[in-house]
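Below: model-v6.json (JSON, C-alpha atoms)
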[["chain", "number", "residue", "atom", "x", "y", "z"],
["A", 243, "MET", "CA", 16.79, -15.75, 48.58],
["A", 244, "ASN", "CA", 13.75, -17.95, 47.82],
["A", 245, "ARG", "CA", 11.47, -14.92, 48.20],
["A", 246, "THR", "CA", 13.56, -13.02, 45.59],
["A", 247, "ILE", "CA", 13.37, -15.88, 43.09],
["A", 248, "PHE", "CA", 9.62, -16.22, 43.67],
["A", 249, "SER", "CA", 9.15, -12.46, 43.10],
["A", 250, "LEU", "CA", 11.16, -12.62, 39.90],
["A", 251, "LEU", "CA", 9.15, -15.59, 38.58],
["A", 252, "ALA", "CA", 5.86, -13.90, 39.47],
["A", 253, "THR", "CA", 6.97, -10.78, 37.58],
["A", 254, "LEU", "CA", 7.86, -12.83, 34.49],
["A", 255, "VAL", "CA", 4.48, -14.58, 34.57],
["A", 256, "LEU", "CA", 2.70, -11.22, 34.75],
["A", 257, "LEU", "CA", 4.77, -9.77, 31.90],
["A", 258, "GLY", "CA", 4.34, -12.81, 29.68],
["A", 259, "SER", "CA", 6.82, -15.16, 28.12],
["A", 260, "PRO", "CA", 10.17, -13.87, 26.78],
["A", 261, "GLY", "CA", 8.88, -14.61, 23.26],
["A", 262, "ASP", "CA", 5.91, -12.31, 23.86],
["A", 263, "PHE", "CA", 8.28, -9.61, 25.05],
["A", 264, "ALA", "CA", 10.47, -9.97, 21.97],
["A", 265, "LEU", "CA", 7.41, -9.85, 19.74],
["A", 266, "ALA", "CA", 6.24, -6.68, 21.44],
["A", 267, "GLN", "CA", 9.63, -5.10, 20.81],
["A", 268, "GLY", "CA", 9.66, -5.96, 17.07],
["A", 269, "SER", "CA", 8.91, -3.23, 14.56],
["A", 270, "SER", "CA", 6.12, -5.19, 12.85],
["A", 271, "ALA", "CA", 4.35, -6.30, 16.02],
["A", 272, "ARG", "CA", 0.82, -5.09, 16.59],
["A", 273, "PRO", "CA", -1.19, -5.41, 19.78],
["A", 274, "PRO", "CA", -3.91, -8.05, 19.65],
["A", 275, "VAL", "CA", -7.21, -6.68, 18.44],
["A", 276, "GLY", "CA", -9.82, -7.08, 21.15],
["A", 277, "GLY", "CA", -7.42, -8.99, 23.41],
["A", 278, "GLY", "CA", -6.14, -8.27, 26.88],
["A", 279, "LEU", "CA", -8.03, -7.49, 30.07],
["A", 280, "THR", "CA", -11.24, -5.52, 30.21],
["A", 281, "SER", "CA", -11.87, -2.94, 32.90],
["A", 282, "ALA", "CA", -13.73, -5.57, 34.95],
["A", 283, "GLY", "CA", -10.66, -7.84, 34.78],
["A", 284, "ALA", "CA", -12.28, -10.50, 32.57],
["A", 285, "THR", "CA", -10.42, -11.68, 29.50],
["A", 286, "ALA", "CA", -12.02, -10.55, 26.24],
["A", 287, "THR", "CA", -12.18, -12.85, 23.22],
["A", 288, "ALA", "CA", -9.02, -12.36, 21.18],
["A", 289, "LYS", "CA", -9.34, -12.02, 17.42],
["A", 290, "PRO", "CA", -6.63, -13.58, 15.27],
["A", 291, "ILE", "CA", -3.78, -11.28, 14.34],
["A", 292, "THR", "CA", -3.18, -11.19, 10.62],
["A", 293, "LYS", "CA", 0.46, -10.91, 9.69],
["A", 294, "PRO", "CA", 1.36, -8.27, 7.13],
["A", 295, "ILE", "CA", 2.50, -9.63, 3.80],
["A", 296, "SER", "CA", 6.27, -9.75, 3.83],
["A", 297, "GLU", "CA", 8.90, -10.29, 1.23],
["A", 298, "PRO", "CA", 9.81, -13.82, 0.12],
["A", 299, "ALA", "CA", 12.82, -15.53, 1.70],
["A", 300, "GLU", "CA", 15.21, -14.59, -1.12],
["A", 301, "MET", "CA", 14.35, -10.92, -0.55],
["A", 302, "SER", "CA", 14.54, -11.16, 3.25],
["A", 303, "GLY", "CA", 15.64, -7.83, 4.69],
["A", 304, "MET", "CA", 14.81, -5.77, 1.60],
["A", 305, "LEU", "CA", 11.75, -4.10, 3.11],
["A", 306, "ALA", "CA", 13.48, -3.35, 6.42],
["A", 307, "ALA", "CA", 16.55, -1.87, 4.71],
["A", 308, "GLN", "CA", 14.44, 0.37, 2.48],
["A", 309, "ASN", "CA", 12.24, 1.48, 5.37],
["A", 310, "GLU", "CA", 15.34, 2.34, 7.38],
["A", 311, "ALA", "CA", 16.52, 4.60, 4.54],
["A", 312, "ARG", "CA", 13.07, 6.22, 4.43],
["A", 313, "ALA", "CA", 13.01, 6.70, 8.20],
["A", 314, "ARG", "CA", 16.22, 8.72, 8.00],
["A", 315, "LEU", "CA", 14.33, 11.23, 5.85],
["A", 316, "GLY", "CA", 11.17, 11.08, 7.95],
["A", 317, "VAL", "CA", 9.22, 9.39, 5.14],
["A", 318, "PRO", "CA", 6.45, 6.85, 5.97],
["A", 319, "THR", "CA", 7.30, 3.16, 5.69],
["A", 320, "LEU", "CA", 6.61, 1.00, 2.67],
["A", 321, "ALA", "CA", 4.55, -2.21, 2.58],
["A", 322, "TRP", "CA", 5.53, -5.26, 0.51],
["A", 323, "SER", "CA", 3.52, -5.89, -2.65],
["A", 324, "PRO", "CA", 3.45, -9.39, -4.16],
["A", 325, "THR", "CA", 1.93, -7.89, -7.34],
["A", 326, "LEU", "CA", 4.84, -5.49, -7.74],
["A", 327, "SER", "CA", 7.23, -8.38, -7.05],
["A", 328, "VAL", "CA", 5.85, -10.24, -10.07],
["A", 329, "LYS", "CA", 6.27, -7.13, -12.23],
["A", 330, "ALA", "CA", 9.78, -6.61, -10.83],
["A", 331, "ALA", "CA", 10.61, -10.21, -11.80],
["A", 332, "GLU", "CA", 9.47, -9.47, -15.34],
["A", 333, "THR", "CA", 11.67, -6.35, -15.42],
["A", 334, "ALA", "CA", 14.69, -8.22, -14.04],
["A", 335, "THR", "CA", 14.18, -11.03, -16.57],
["A", 336, "ALA", "CA", 13.93, -8.54, -19.44],
["A", 337, "ALA", "CA", 17.06, -6.79, -18.17],
["A", 338, "ALA", "CA", 18.89, -10.13, -18.03],
["A", 339, "GLY", "CA", 18.23, -10.92, -21.69],
["A", 340, "GLY", "CA", 21.08, -11.91, -23.96],
["A", 341, "SER", "CA", 24.51, -11.68, -22.38],
["A", 342, "CYS", "CA", 23.13, -9.60, -19.50],
["A", 343, "PRO", "CA", 24.96, -6.32, -20.21],
["A", 344, "VAL", "CA", 24.61, -3.41, -17.81],
["A", 345, "THR", "CA", 23.19, -1.28, -20.63],
["A", 346, "ALA", "CA", 20.24, -3.68, -21.07],
["A", 347, "ALA", "CA", 19.62, -3.56, -17.32],
["A", 348, "ARG", "CA", 19.57, 0.24, -17.30],
["A", 349, "ARG", "CA", 17.29, 0.33, -20.35],
["A", 350, "ALA", "CA", 14.81, -2.08, -18.74],
["A", 351, "GLY", "CA", 14.87, 0.00, -15.56],
["A", 352, "GLU", "CA", 14.14, 3.20, -17.46],
["A", 353, "THR", "CA", 11.35, 1.57, -19.47],
["A", 354, "ASP", "CA", 9.57, 0.22, -16.38],
["A", 355, "LYS", "CA", 10.58, 3.06, -14.03],
["A", 356, "ALA", "CA", 12.30, 0.47, -11.83],
["A", 357, "SER", "CA", 15.29, 0.78, -9.55],
["A", 358, "ILE", "CA", 17.94, -1.56, -10.97],
["A", 359, "PHE", "CA", 21.09, -3.05, -9.45],
["A", 360, "TRP", "CA", 23.49, -4.93, -11.73],
["A", 361, "ALA", "CA", 26.40, -7.08, -10.57],
["A", 362, "ALA", "CA", 28.79, -9.02, -12.78],
["A", 363, "GLY", "CA", 29.54, -12.68, -12.15],
["A", 364, "LEU", "CA", 32.85, -13.62, -10.57],
["A", 365, "ARG", "CA", 35.42, -15.91, -12.17],
["A", 366, "ARG", "CA", 36.56, -18.50, -9.65],
["A", 367, "VAL", "CA", 39.62, -20.74, -9.65],
["A", 368, "GLY", "CA", 39.40, -23.05, -12.63],
["A", 369, "GLY", "CA", 37.50, -20.48, -14.70],
["A", 370, "VAL", "CA", 34.08, -21.30, -13.26],
["A", 371, "MET", "CA", 31.76, -18.29, -13.03],
["A", 372, "SER", "CA", 29.61, -17.74, -9.95],
["A", 373, "ALA", "CA", 27.14, -15.12, -8.84],
["A", 374, "GLN", "CA", 28.26, -12.66, -6.20],
["A", 375, "ASP", "CA", 26.77, -13.12, -2.76],
["A", 376, "ILE", "CA", 24.73, -9.92, -2.50],
["A", 377, "SER", "CA", 22.25, -9.28, 0.28],
["A", 378, "PRO", "CA", 19.26, -6.93, 0.02],
["A", 379, "ALA", "CA", 20.83, -4.80, 2.79],
["A", 380, "TYR", "CA", 24.02, -4.40, 0.74],
["A", 381, "LEU", "CA", 22.04, -3.48, -2.36],
["A", 382, "VAL", "CA", 20.10, -0.80, -0.46],
["A", 383, "SER", "CA", 23.35, 0.54, 1.01],
["A", 384, "ARG", "CA", 24.62, 1.01, -2.56],
["A", 385, "TRP", "CA", 21.44, 2.84, -3.55],
["A", 386, "ARG", "CA", 21.79, 5.04, -0.48],
["A", 387, "GLU", "CA", 25.05, 6.32, -1.97],
["A", 388, "GLY", "CA", 22.78, 8.27, -4.33],
["A", 389, "SER", "CA", 21.62, 10.48, -1.45],
["A", 390, "ALA", "CA", 24.63, 12.76, -2.08],
["A", 391, "ASP", "CA", 23.05, 13.80, -5.39],
["A", 392, "TYR", "CA", 19.48, 13.96, -4.05],
["A", 393, "ASN", "CA", 17.76, 17.28, -3.31],
["A", 394, "ILE", "CA", 15.50, 16.66, -0.30],
["A", 395, "ALA", "CA", 13.58, 19.92, -0.80],
["A", 396, "THR", "CA", 12.52, 19.09, -4.37],
["A", 397, "GLY", "CA", 12.60, 15.28, -4.13],
["A", 398, "GLN", "CA", 14.65, 15.22, -7.34],
["A", 399, "CYS", "CA", 18.13, 14.17, -8.39],
["A", 400, "ARG", "CA", 20.54, 16.95, -9.26],
["A", 401, "SER", "CA", 21.87, 14.81, -12.13],
["A", 402, "LYS", "CA", 21.13, 11.43, -13.72],
["A", 403, "SER", "CA", 24.44, 9.91, -12.70],
["A", 404, "GLY", "CA", 25.16, 7.26, -10.10],
["A", 405, "ASN", "CA", 22.60, 5.73, -7.78],
["A", 406, "CYS", "CA", 20.43, 8.80, -7.29],
["A", 407, "GLU", "CA", 17.50, 7.59, -9.41],
["A", 408, "PRO", "CA", 17.11, 4.32, -7.45],
["A", 409, "PHE", "CA", 17.53, 6.27, -4.21],
["A", 410, "SER", "CA", 14.90, 8.86, -5.20],
["A", 411, "ARG", "CA", 12.37, 6.12, -6.04],
["A", 412, "MET", "CA", 13.12, 4.31, -2.79],
["A", 413, "VAL", "CA", 12.54, 7.40, -0.62],
["A", 414, "ALA", "CA", 9.72, 9.00, -2.64],
["A", 415, "PRO", "CA", 7.24, 10.32, -0.04],
["A", 416, "LYS", "CA", 4.20, 9.25, -2.09],
["A", 417, "ALA", "CA", 5.40, 5.65, -2.52],
["A", 418, "LYS", "CA", 3.35, 3.24, -0.39],
["A", 419, "THR", "CA", 4.33, -0.22, -1.64],
["A", 420, "VAL", "CA", 7.39, -1.96, -3.07],
["A", 421, "GLY", "CA", 8.10, -5.24, -4.80],
["A", 422, "CYS", "CA", 11.53, -6.56, -5.77],
["A", 423, "ALA", "CA", 13.02, -9.52, -7.61],
["A", 424, "ARG", "CA", 16.33, -10.83, -8.90],
["A", 425, "ALA", "CA", 17.36, -12.63, -12.08],
["A", 426, "ILE", "CA", 20.66, -14.49, -12.53],
["A", 427, "CYS", "CA", 21.99, -14.76, -16.05],
["A", 428, "PRO", "CA", 23.80, -17.82, -17.50],
["A", 429, "ASN", "CA", 27.11, -15.94, -17.05],
["A", 430, "GLN", "CA", 26.20, -15.48, -13.34],
["A", 431, "THR", "CA", 25.63, -11.75, -13.71],
["A", 432, "GLN", "CA", 22.64, -10.74, -11.63],
["A", 433, "VAL", "CA", 20.02, -8.06, -12.04],
["A", 434, "TRP", "CA", 17.87, -6.83, -9.17],
["A", 435, "ALA", "CA", 14.76, -4.75, -9.79],
["A", 436, "CYS", "CA", 12.43, -2.91, -7.42],
["A", 437, "LEU", "CA", 9.17, -1.23, -8.36],
["A", 438, "TYR", "CA", 7.21, 1.25, -6.25],
["A", 439, "LYS", "CA", 3.60, 2.36, -6.28],
["A", 440, "GLU", "CA", 1.76, 5.27, -4.69]]

Could you render the structure as structure tokens?
Amino acid sequence: MNRTIFSLLATLVLLGSPGDFALAQGSSARPPVGGGLTSAGATATAKPITKPISEPAEMSGMLAAQNEARARLGVPTLAWSPTLSVKAAETATAAAGGSCPVTAARRAGETDKASIFWAAGLRRVGGVMSAQDISPAYLVSRWREGSADYNIATGQCRSKSGNCEPFSRMVAPKAKTVGCARAICPNQTQVWACLYKE
């Protein structure tokens, strides 16, 4: 019994800590540059691992959800762009102007070639308006509905209706980076915008 426990502990020490194992299993994990054992068994000097730039907390999950949609089509993954996020914030703010109508959101999206998601505020008990609780994963799932109108062979939408335009931008093979932002209007309507760059 004691020999079994000792063998198990020795194996865990050789494999590394459970946190290291989880990190190695993550999709964004990269092996240490210059780290590990050399052929002579000596430990080489490890260089610091630089983390890729990821989306801000309020956009958490946006990049993963979009890359999952791209993976289904065999398209390379996107990287997060803080610069595009700033531009997306400008687009969302422009789209949220006035009373925040869906037509203004669509117009701003067309002008900036942005994928737009618009959601009306909800009236709560007592007449108080509140913003809907929308996650980036939900938003991407709505854009994925546009795949029914998307022609994979041409990379074009068959029509301009529905969510095909946002879907086609999201899965464009030449797109390399994405940045997204959200604006909430005084009436609690919200506008999300994502911009892509080759």

Please return as a ChimeraX atom specification every residue within 9 Å of (18.2, -8.8, -15.9), taking into account only C-alpha atoms and the file's own coordinates. /A:331-339,342-344,346-347,350,358,360,424-427,431-435

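For the pair atom CA of A:Pro318 and atom CA of A:Ala299, the interatomic distance is 23.7 Å.
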
Please list as a list in words every residue within 9 Å of stretch 307-316 of chain A, counting all atoms listed in the file and excluding residues in the same chain fewer than 6 positions away.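 The neighbour list is Pro378, Ala379, Tyr380, Val382, Ser383, Arg386, Ile394, Phe409, Met412, Val413, Ala414 and Pro415 of chain A.
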
Length of the atom CA of A:Cys436 to atom CA of A:Ser357 vector [Å]: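 Going from atom CA of A:Cys436 over to atom CA of A:Ser357 covers 5.1 Å.
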
Would you pick out the contacts of A:Gln430 at 8 Å or less, using only C-alpha atoms, so that residues sharing its chain but fewer than 3 positions from it are not included, and give the list as JSON, numbers by chain? {"A": [362, 363, 364, 371, 372, 373, 374, 426, 427]}

Export of the given selection (C-alpha atoms) as a short mmCIF file (atom, residue, chain, number, x, y, z; two decimals), in the coordinates of the input:
data_model
loop_
_atom_site.label_atom_id
_atom_site.label_comp_id
_atom_site.auth_asym_id
_atom_site.auth_seq_id
_atom_site.Cartn_x
_atom_site.Cartn_y
_atom_site.Cartn_z
CA ALA A 362 28.79 -9.02 -12.78
CA GLY A 363 29.54 -12.68 -12.15
CA LEU A 364 32.85 -13.62 -10.57
CA MET A 371 31.76 -18.29 -13.03
CA SER A 372 29.61 -17.74 -9.95
CA ALA A 373 27.14 -15.12 -8.84
CA GLN A 374 28.26 -12.66 -6.20
CA ILE A 426 20.66 -14.49 -12.53
CA CYS A 427 21.99 -14.76 -16.05
#

Using all atoms listed in the file for the distances, tell me which of A:Asn405, A:Ser327, A:Gln398, A:Ser389 is nearest to A:Cys422.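 The shortest atom-to-atom distance to A:Cys422 comes from A:Ser327.
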
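Among the candidate residues A:Gly397, A:Pro428, A:Thr419, A:Ala361, the one lying nearest to A:Leu326 is A:Thr419, with distances computed using all atoms listed in the file.
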
Using all atoms listed in the file, pick whichever of A:Gly351, A:Ser296, A:Asp391, A:Gly369 has the shortest atom-to-atom distance to A:Ser410. A:Asp391

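The residue that comes closest to A:Ser341, out of A:Asn429, A:Ile295, A:Met301, A:Lys439 and on the basis of only C-alpha atoms, is A:Asn429.
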
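Pairwise distance (atom CA of A:Lys416, atom CA of A:Glu352) equals 19.3 Å.
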
Give me the box for stretch 355-373 of chain A as AutoDock Vina command-line options, namely the centre and edge lengths in Å to one decimal of a box along x, y and z that holds every listed atom plus 5 Å on each side.
--center_x 25.1 --center_y -10.0 --center_z -11.8 --size_x 39.0 --size_y 36.1 --size_z 15.9
